[in-house]
Amino acid sequence: MSTSDNADFTPLADGFGDPADPGNRPARLAVGVVGTGRVGPALGAALQLAGHRVVAASGVSAASRRRAEQLLPGVRIVSPPQVLAAADLVLLTVPDDALADLVAGLVATGSVRPGQLVVHTSGAHGVAVLEPATRAGALPLALHPAMTFTGTPVDLARLAGCPFGVTAPDELRPVAEALVVEMGGDPEWVPEGVRPLYHTALAHGANHLVTLVSQALELLRTAGVAEPGRLLGPLLGAALDNSLRSGDAALTGPVARGDAGTVRRHLAQLSTVSPDILAAYRAMARATAQRALAHGTIDEASAAALLDVLNEEKH
C-alpha cells in the first residue's frame with residue numbers, strides 16, 4: 001500500500017465498522033519500527049502475525065539489534081528516516097522523554113509523508129506530541145500497551161487481551177481500534193487531557209509494586225528464609241486479586257486493624273535492618289491508615305494512635 005497519495009488512506013479513516021470482524025480490518029500495511037527496545041519488536045511482530053509486513057527498523061545498541069533479529073528476522077536495520085521512507089505505518093517506540101525531539105527531527109528532515117500513520121506507544125503522551133507530524137499530513141495515533149515487556153517472544157502471547165490506552169482524533173478512532181484488536185489487544189479510550197494522569201496511575205501501581213515486592217524479598221532473606229518468593233507468592237497473589245476486586249475493602253494487616261503496637265515493633269526492626277525500607281514502610285503505612293480511616297475499617301482514635309507511632313523520629 002502506498003502513501004504517496006492521500007486517497008489511498010481514505011478507507012482507513014472512514015467506516016471500519018466492527019474491528020473484530022476480519023472484513024473490517026485495515027488494508028495490509030508496510031510497517032516500520034523506530035526504536036527496537038523491548039516494545040517495538042514485539043508490536044511489530046504482532047502486526048506481522050496479523051498480516052502486515054514489517055519492512056524496516058532502527059536500533060542503535062547491540063541488545064536492540066539482537067531483539068530485532070529475534071522477533072523480526074530478516075528485517076532491515078536502517079536509520080529512522082529510512083524507516084519512514086519505507087513504511088505506511090510507523091511505530092515510534094522510544095522513551096517518553098525522547099519522543100518529542102524524535103518527532104521534531106523527523107519532520108525537520110522531511111521524513112514524514114502526508115497520509116502516513118504515525119503511532120507512538122508512550123503512556124505519558126497523547127497525540128499532541130505528534131503535532132509536528134500531524135501538520136506535515138501524518139495520521140497520529142497514541143497506542144500504549146498496559147503491560148511490561150521482556151523483549152522476548154513471550155511478549156506476543158501476553159499481548160492477547162492486553163489493554164491498550166488509546167488516544168486518537170475522532171476520525172481515526174476506527175483505525176486505532178482495529179490496529180489494537182489486530183495486535184490481540186483491547187482498546188481503552190483515554191482523553192488527551194488526562195493522559196498524564198492515566199500514566200501516573202499505571203506507573204505508581206506497576207513500578208512501585210516491583211519495589212515493594214523486592215523490599216519484602218530482601219527482608220525475608222535477611223530473616224533467613226531460603227525461598228522468599230515461594231513464601232510471598234500466594235500471599236501477594238491473593239492480596240492483588242482481592243484489591244482489584246474490592247479496593248480498600250481488601251485492606252488487612254496491623255494498620256487496617258489499628259494495631260499500633262505491632263507497627264511500632266515493625267519500625268524498630270526496620271530501623272536496625274534497613275533504614276531505606278523503613279522510610280518506605282512508614283510512608284505506605286501512613287497512606288494505608290488514612291485509607292482505612294476513610295473506608296471505616298478503623299476509627300479516628302485508632303488512626304491517630306497509628307499516625308503518632310509513624311511520626312515518631314526514633315523507635
# chains A, B, ... in the order shown; residues from 1 in each chain; ligands from 1
call {"tool": "residues_around", "arguments": {"residues": "segment 290-294 of chain A", "least_positions_apart": "4", "cutoff": "7 Å", "atoms": "only C-alpha atoms", "output": "MDAnalysis selection string"}}
result
chainID A and resid 248 256 286 298:300 303
call {"tool": "write_last_selection", "arguments": {"atoms": "N, CA, C and O atoms", "output": "compact mmCIF listing (two decimals), in the first residue's frame"}}
result
# COMPACT_ATOMS: atom_id res chain seq x y z
N ASP A 248 -10.36 -0.74 48.72
CA ASP A 248 -9.96 -0.57 50.11
C ASP A 248 -10.58 -1.60 51.04
O ASP A 248 -10.08 -1.81 52.16
N ALA A 256 -4.60 -1.92 59.18
CA ALA A 256 -6.05 -1.99 58.97
C ALA A 256 -6.79 -2.44 60.23
O ALA A 256 -7.99 -2.20 60.37
N ARG A 286 1.38 5.16 56.58
CA ARG A 286 0.58 6.39 56.74
C ARG A 286 -0.57 6.41 55.73
O ARG A 286 -1.72 6.71 56.07
N ILE A 298 -10.99 1.42 60.36
CA ILE A 298 -10.56 1.79 61.71
C ILE A 298 -11.23 3.11 62.08
O ILE A 298 -11.68 3.86 61.20
N ASP A 299 -11.30 3.37 63.38
CA ASP A 299 -11.91 4.63 63.82
C ASP A 299 -10.85 5.72 63.97
O ASP A 299 -9.65 5.46 63.81
N GLU A 300 -11.30 6.91 64.29
CA GLU A 300 -10.38 8.05 64.37
C GLU A 300 -9.34 7.88 65.47
O GLU A 300 -8.18 8.27 65.31
N ALA A 303 -6.69 5.49 64.18
CA ALA A 303 -5.88 6.15 63.16
C ALA A 303 -4.91 7.14 63.80
O ALA A 303 -3.73 7.21 63.41
call {"tool": "select_by_dssp", "arguments": {"residues": "segment 120-220 of chain A", "states": "alpha helix (DSSP H)", "output": "ChimeraX atom specification"}}
result
/A:131-135,154-158,173-182,195-220
call {"tool": "select_by_dssp", "arguments": {"residues": "segment 89-307 of chain A", "states": "strand (DSSP E)", "output": "list in words"}}
result
Leu89, Val90, Leu91, Leu92, Leu117, Val118, Val119, His120, Leu139, Pro140, Leu141, Ala142, Leu143, His144, Pro145, Pro163, Phe164, Gly165, Val166, Thr167, Asp186, Pro187, Glu188 and Trp189 of chain A
call {"tool": "residues_around", "arguments": {"residues": "Met284 of chain A", "least_positions_apart": "6", "cutoff": "12 Å", "atoms": "only C-alpha atoms", "output": "CSV table (one decimal) with N, CA, C and O atoms, in the first residue's frame"}}
result
chain,number,residue,atom,x,y,z
A,208,HIS,N,6.0,0.7,41.4
A,208,HIS,CA,6.2,0.7,42.9
A,208,HIS,C,5.9,-0.6,43.5
A,208,HIS,O,6.4,-1.0,44.5
A,209,LEU,N,5.0,-1.4,42.8
A,209,LEU,CA,4.8,-2.8,43.2
A,209,LEU,C,6.1,-3.6,43.2
A,209,LEU,O,6.4,-4.4,44.1
A,212,LEU,N,8.2,-2.6,46.1
A,212,LEU,CA,7.6,-3.1,47.3
A,212,LEU,C,7.9,-4.6,47.5
A,212,LEU,O,8.4,-5.1,48.5
A,255,VAL,N,-2.1,-2.4,60.3
A,255,VAL,CA,-2.6,-1.0,60.1
A,255,VAL,C,-4.1,-1.0,60.0
A,255,VAL,O,-4.8,-0.2,60.6
A,263,VAL,N,2.9,-2.2,64.7
A,263,VAL,CA,3.5,-1.3,63.8
A,263,VAL,C,4.8,-0.7,64.4
A,263,VAL,O,5.8,-0.6,63.8
A,277,ILE,N,14.3,0.9,53.7
A,277,ILE,CA,12.9,0.3,53.7
A,277,ILE,C,12.1,0.9,54.8
A,277,ILE,O,10.9,1.0,54.7
A,278,LEU,N,12.7,1.3,55.9
A,278,LEU,CA,11.9,1.9,57.0
A,278,LEU,C,11.2,3.1,56.5
A,278,LEU,O,10.0,3.3,56.8
A,290,GLN,N,-4.7,6.2,56.5
A,290,GLN,CA,-5.6,7.2,56.0
A,290,GLN,C,-6.7,6.6,55.2
A,290,GLN,O,-7.9,7.0,55.3
A,291,ARG,N,-6.4,5.6,54.4
A,291,ARG,CA,-7.4,5.0,53.5
A,291,ARG,C,-8.3,4.1,54.4
A,291,ARG,O,-9.5,4.0,54.2
A,292,ALA,N,-7.7,3.4,55.4
A,292,ALA,CA,-8.5,2.6,56.3
A,292,ALA,C,-9.5,3.4,57.1
A,292,ALA,O,-10.7,3.0,57.3
A,307,LEU,N,-0.8,7.0,63.5
A,307,LEU,CA,-0.1,8.1,63.0
A,307,LEU,C,0.9,8.7,64.0
A,307,LEU,O,2.0,9.1,63.6
A,310,LEU,N,3.8,6.4,63.7
A,310,LEU,CA,4.5,6.5,62.5
A,310,LEU,C,5.3,7.9,62.4
A,310,LEU,O,6.2,8.0,61.6
call {"tool": "residues_around", "arguments": {"residues": "segment 195-202 of chain A", "least_positions_apart": "3", "cutoff": "10 Å", "atoms": "only C-alpha atoms", "output": "ChimeraX atom specification"}}
result
/A:122-127,144,146-147,165-167,190-192,205-208
call {"tool": "write_last_selection", "arguments": {"atoms": "N, CA and C atoms", "output": "PDB file, in the first residue's frame"}}
result
ATOM      1  N   SER A 122       3.951   5.603  23.862  1.00  0.00           N
ATOM      2  CA  SER A 122       4.203   6.204  25.170  1.00  0.00           C
ATOM      3  C   SER A 122       2.912   6.310  25.972  1.00  0.00           C
ATOM      4  N   GLY A 123       2.961   5.890  27.227  1.00  0.00           N
ATOM      5  CA  GLY A 123       1.786   6.062  28.069  1.00  0.00           C
ATOM      6  C   GLY A 123       1.609   7.491  28.523  1.00  0.00           C
ATOM      7  N   ALA A 124       2.698   8.227  28.626  1.00  0.00           N
ATOM      8  CA  ALA A 124       2.651   9.572  29.186  1.00  0.00           C
ATOM      9  C   ALA A 124       2.099  10.606  28.218  1.00  0.00           C
ATOM     10  N   HIS A 125       2.098  10.306  26.929  1.00  0.00           N
ATOM     11  CA  HIS A 125       1.695  11.282  25.919  1.00  0.00           C
ATOM     12  C   HIS A 125       0.438  10.837  25.185  1.00  0.00           C
ATOM     13  N   GLY A 126      -0.336  11.830  24.766  1.00  0.00           N
ATOM     14  CA  GLY A 126      -1.422  11.588  23.834  1.00  0.00           C
ATOM     15  C   GLY A 126      -0.944  11.889  22.420  1.00  0.00           C
ATOM     16  N   VAL A 127      -1.820  12.447  21.599  1.00  0.00           N
ATOM     17  CA  VAL A 127      -1.428  12.740  20.222  1.00  0.00           C
ATOM     18  C   VAL A 127      -0.850  14.140  20.064  1.00  0.00           C
ATOM     19  N   HIS A 144      -0.874   2.761  23.693  1.00  0.00           N
ATOM     20  CA  HIS A 144       0.022   2.351  24.790  1.00  0.00           C
ATOM     21  C   HIS A 144      -0.402   1.004  25.360  1.00  0.00           C
ATOM     22  N   ALA A 146      -0.669  -1.550  28.053  1.00  0.00           N
ATOM     23  CA  ALA A 146      -0.512  -1.502  29.511  1.00  0.00           C
ATOM     24  C   ALA A 146       0.027  -2.846  30.004  1.00  0.00           C
ATOM     25  N   MET A 147       1.287  -3.064  29.708  1.00  0.00           N
ATOM     26  CA  MET A 147       1.919  -4.347  30.010  1.00  0.00           C
ATOM     27  C   MET A 147       3.418  -4.114  30.145  1.00  0.00           C
ATOM     28  N   GLY A 165      -4.044   1.741  26.220  1.00  0.00           N
ATOM     29  CA  GLY A 165      -4.556   3.085  26.384  1.00  0.00           C
ATOM     30  C   GLY A 165      -4.476   3.809  25.041  1.00  0.00           C
ATOM     31  N   VAL A 166      -5.620   4.169  24.494  1.00  0.00           N
ATOM     32  CA  VAL A 166      -5.691   4.687  23.124  1.00  0.00           C
ATOM     33  C   VAL A 166      -6.181   6.126  23.129  1.00  0.00           C
ATOM     34  N   THR A 167      -5.431   6.981  22.445  1.00  0.00           N
ATOM     35  CA  THR A 167      -5.850   8.366  22.216  1.00  0.00           C
ATOM     36  C   THR A 167      -5.694   8.638  20.727  1.00  0.00           C
ATOM     37  N   VAL A 190      -8.615   6.872  26.189  1.00  0.00           N
ATOM     38  CA  VAL A 190      -8.101   7.807  27.185  1.00  0.00           C
ATOM     39  C   VAL A 190      -8.089   9.200  26.569  1.00  0.00           C
ATOM     40  N   PRO A 191      -8.875  10.148  27.090  1.00  0.00           N
ATOM     41  CA  PRO A 191      -8.872  11.502  26.529  1.00  0.00           C
ATOM     42  C   PRO A 191      -7.493  12.142  26.626  1.00  0.00           C
ATOM     43  N   GLU A 192      -7.189  12.998  25.683  1.00  0.00           N
ATOM     44  CA  GLU A 192      -5.887  13.664  25.622  1.00  0.00           C
ATOM     45  C   GLU A 192      -5.516  14.351  26.938  1.00  0.00           C
ATOM     46  N   GLY A 205       1.273   2.082  40.259  1.00  0.00           N
ATOM     47  CA  GLY A 205       0.901   0.715  40.599  1.00  0.00           C
ATOM     48  C   GLY A 205       1.958  -0.303  40.216  1.00  0.00           C
ATOM     49  N   ALA A 206       2.365  -0.305  38.961  1.00  0.00           N
ATOM     50  CA  ALA A 206       3.256  -1.357  38.471  1.00  0.00           C
ATOM     51  C   ALA A 206       4.693  -1.186  38.944  1.00  0.00           C
ATOM     52  N   ASN A 207       5.235   0.010  38.805  1.00  0.00           N
ATOM     53  CA  ASN A 207       6.642   0.217  39.139  1.00  0.00           C
ATOM     54  C   ASN A 207       6.885   0.121  40.640  1.00  0.00           C
ATOM     55  N   HIS A 208       6.027   0.749  41.418  1.00  0.00           N
ATOM     56  CA  HIS A 208       6.226   0.733  42.859  1.00  0.00           C
ATOM     57  C   HIS A 208       5.889  -0.625  43.459  1.00  0.00           C
TER      58      HIS A 208
END
call {"tool": "atom_distance", "arguments": {"atom1": "atom CA of Ser61 of chain A", "atom2": "atom CA of Ser111 of chain A"}}
result
22.5 Å
call {"tool": "closest_residue", "arguments": {"among": "A:Arg135, A:Arg257, A:His120, A:Arg65", "to": "Pro41 of chain A", "atoms": "only C-alpha atoms"}}
result
A:Arg65
call {"tool": "residues_around", "arguments": {"residues": "Ala30 of chain A", "least_positions_apart": "3", "cutoff": "9 Å", "atoms": "only C-alpha atoms", "output": "mmCIF file with N, CA, C and O atoms, in the first residue's frame"}}
result
data_model
loop_
_atom_site.group_PDB
_atom_site.id
_atom_site.type_symbol
_atom_site.label_atom_id
_atom_site.label_comp_id
_atom_site.auth_asym_id
_atom_site.auth_seq_id
_atom_site.Cartn_x
_atom_site.Cartn_y
_atom_site.Cartn_z
ATOM 1 N N MET A 1 0.842 -1.198 0.000
ATOM 2 C CA MET A 1 0.000 0.000 0.000
ATOM 3 C C MET A 1 0.873 1.240 0.000
ATOM 4 O O MET A 1 1.747 1.396 0.830
ATOM 5 N N SER A 2 0.646 2.139 -0.882
ATOM 6 C CA SER A 2 1.481 3.341 -0.997
ATOM 7 C C SER A 2 0.868 4.482 -0.224
ATOM 8 O O SER A 2 -0.342 4.614 -0.122
ATOM 9 N N HIS A 52 0.267 -7.827 8.323
ATOM 10 C CA HIS A 52 1.022 -6.683 7.848
ATOM 11 C C HIS A 52 2.471 -7.119 7.617
ATOM 12 O O HIS A 52 2.858 -8.251 7.953
ATOM 13 N N ARG A 53 3.283 -6.228 7.088
ATOM 14 C CA ARG A 53 4.662 -6.592 6.750
ATOM 15 C C ARG A 53 5.613 -5.561 7.329
ATOM 16 O O ARG A 53 5.551 -4.385 6.981
ATOM 17 N N VAL A 54 6.478 -5.989 8.255
ATOM 18 C CA VAL A 54 7.484 -5.088 8.815
ATOM 19 C C VAL A 54 8.633 -5.005 7.820
ATOM 20 O O VAL A 54 9.269 -6.012 7.501
ATOM 21 N N VAL A 55 8.876 -3.805 7.317
ATOM 22 C CA VAL A 55 9.838 -3.642 6.227
ATOM 23 C C VAL A 55 11.162 -3.039 6.678
ATOM 24 O O VAL A 55 12.167 -3.164 5.970
ATOM 25 N N ALA A 56 11.184 -2.385 7.840
ATOM 26 C CA ALA A 56 12.431 -1.750 8.285
ATOM 27 C C ALA A 56 12.316 -1.409 9.757
ATOM 28 O O ALA A 56 11.214 -1.211 10.289
ATOM 29 N N ALA A 86 10.199 3.874 4.016
ATOM 30 C CA ALA A 86 9.731 2.568 3.546
ATOM 31 C C ALA A 86 8.352 2.194 4.064
ATOM 32 O O ALA A 86 7.755 1.235 3.573
ATOM 33 N N ALA A 87 7.844 2.927 5.060
ATOM 34 C CA ALA A 87 6.683 2.448 5.800
ATOM 35 C C ALA A 87 5.425 3.279 5.568
ATOM 36 O O ALA A 87 5.480 4.493 5.417
ATOM 37 N N ASP A 88 4.286 2.575 5.580
ATOM 38 C CA ASP A 88 2.976 3.232 5.602
ATOM 39 C C ASP A 88 2.563 3.547 7.034
ATOM 40 O O ASP A 88 1.909 4.535 7.305
ATOM 41 N N LEU A 89 2.923 2.641 7.946
ATOM 42 C CA LEU A 89 2.635 2.799 9.367
ATOM 43 C C LEU A 89 3.948 2.752 10.124
ATOM 44 O O LEU A 89 4.716 1.797 9.988
ATOM 45 N N VAL A 90 4.212 3.788 10.924
ATOM 46 C CA VAL A 90 5.472 3.881 11.661
ATOM 47 C C VAL A 90 5.195 3.795 13.155
ATOM 48 O O VAL A 90 4.390 4.562 13.689
#
call {"tool": "closest_residue", "arguments": {"among": "A:Leu219, A:Arg67, A:Gln269, A:Thr134", "to": "Leu106 of chain A", "atoms": "only C-alpha atoms"}}
result
A:Thr134
call {"tool": "decode", "arguments": {"residues": "segment 241-254 of chain A", "atoms": "all heavy atoms", "output": "short mmCIF file (atom, residue, chain, number, x, y, z; two decimals), in the first residue's frame"}}
result
data_model
loop_
_atom_site.label_atom_id
_atom_site.label_comp_id
_atom_site.auth_asym_id
_atom_site.auth_seq_id
_atom_site.Cartn_x
_atom_site.Cartn_y
_atom_site.Cartn_z
N ASP A 241 -5.34 -9.89 43.89
CA ASP A 241 -6.66 -10.25 43.39
C ASP A 241 -7.76 -9.60 44.23
O ASP A 241 -8.72 -9.03 43.68
CB ASP A 241 -6.81 -11.78 43.42
CG ASP A 241 -8.14 -12.23 42.83
OD1 ASP A 241 -8.37 -12.00 41.62
OD2 ASP A 241 -8.96 -12.81 43.57
N ASN A 242 -7.61 -9.64 45.54
CA ASN A 242 -8.63 -9.04 46.41
C ASN A 242 -8.72 -7.54 46.23
O ASN A 242 -9.81 -6.96 46.22
CB ASN A 242 -8.32 -9.37 47.87
CG ASN A 242 -8.52 -10.82 48.20
OD1 ASN A 242 -9.20 -11.55 47.48
ND2 ASN A 242 -7.93 -11.28 49.30
N SER A 243 -7.56 -6.87 46.07
CA SER A 243 -7.58 -5.42 45.94
C SER A 243 -8.18 -4.99 44.61
O SER A 243 -8.91 -3.99 44.53
CB SER A 243 -6.18 -4.84 46.11
OG SER A 243 -5.30 -5.33 45.12
N LEU A 244 -7.92 -5.76 43.55
CA LEU A 244 -8.52 -5.43 42.26
C LEU A 244 -10.03 -5.62 42.29
O LEU A 244 -10.78 -4.90 41.63
CB LEU A 244 -7.91 -6.29 41.15
CG LEU A 244 -6.45 -5.98 40.79
CD1 LEU A 244 -5.91 -7.00 39.80
CD2 LEU A 244 -6.32 -4.57 40.21
N ARG A 245 -10.48 -6.60 43.05
CA ARG A 245 -11.92 -6.86 43.14
C ARG A 245 -12.63 -5.91 44.10
O ARG A 245 -13.76 -5.49 43.86
CB ARG A 245 -12.16 -8.30 43.61
CG ARG A 245 -11.74 -9.38 42.63
CD ARG A 245 -11.88 -10.76 43.27
NE ARG A 245 -11.39 -11.81 42.40
CZ ARG A 245 -12.14 -12.45 41.50
NH1 ARG A 245 -13.41 -12.13 41.36
NH2 ARG A 245 -11.62 -13.40 40.74
N SER A 246 -11.96 -5.60 45.23
CA SER A 246 -12.68 -4.94 46.33
C SER A 246 -12.11 -3.60 46.76
O SER A 246 -12.67 -2.95 47.65
CB SER A 246 -12.70 -5.88 47.54
OG SER A 246 -13.27 -7.13 47.20
N GLY A 247 -10.98 -3.17 46.20
CA GLY A 247 -10.41 -1.90 46.57
C GLY A 247 -10.02 -1.84 48.05
O GLY A 247 -9.47 -2.79 48.59
N ASP A 248 -10.36 -0.74 48.72
CA ASP A 248 -9.96 -0.57 50.11
C ASP A 248 -10.58 -1.60 51.04
O ASP A 248 -10.08 -1.81 52.16
CB ASP A 248 -10.32 0.84 50.59
CG ASP A 248 -9.42 1.91 49.98
OD1 ASP A 248 -8.30 1.58 49.59
OD2 ASP A 248 -9.87 3.07 49.90
N ALA A 249 -11.66 -2.24 50.64
CA ALA A 249 -12.26 -3.27 51.48
C ALA A 249 -11.33 -4.47 51.65
O ALA A 249 -11.54 -5.30 52.55
CB ALA A 249 -13.59 -3.73 50.89
N ALA A 250 -10.32 -4.58 50.79
CA ALA A 250 -9.38 -5.70 50.88
C ALA A 250 -8.24 -5.44 51.86
O ALA A 250 -7.40 -6.32 52.06
CB ALA A 250 -8.80 -5.99 49.49
N LEU A 251 -8.20 -4.25 52.49
CA LEU A 251 -7.12 -3.95 53.42
C LEU A 251 -7.11 -4.93 54.59
O LEU A 251 -8.14 -5.18 55.22
CB LEU A 251 -7.26 -2.52 53.96
CG LEU A 251 -6.90 -1.38 53.00
CD1 LEU A 251 -7.31 -0.04 53.60
CD2 LEU A 251 -5.41 -1.40 52.70
N THR A 252 -5.93 -5.48 54.88
CA THR A 252 -5.75 -6.36 56.03
C THR A 252 -4.45 -5.98 56.73
O THR A 252 -3.72 -5.09 56.27
CB THR A 252 -5.68 -7.84 55.62
OG1 THR A 252 -4.53 -8.04 54.76
CG2 THR A 252 -6.93 -8.28 54.87
N GLY A 253 -4.13 -6.65 57.82
CA GLY A 253 -2.86 -6.43 58.48
C GLY A 253 -2.96 -5.49 59.66
O GLY A 253 -4.04 -4.98 59.99
N PRO A 254 -1.84 -5.21 60.32
CA PRO A 254 -1.86 -4.44 61.57
C PRO A 254 -2.37 -3.02 61.41
O PRO A 254 -3.05 -2.50 62.31
CB PRO A 254 -0.40 -4.47 62.03
CG PRO A 254 0.40 -4.83 60.82
CD PRO A 254 -0.48 -5.70 60.00
#
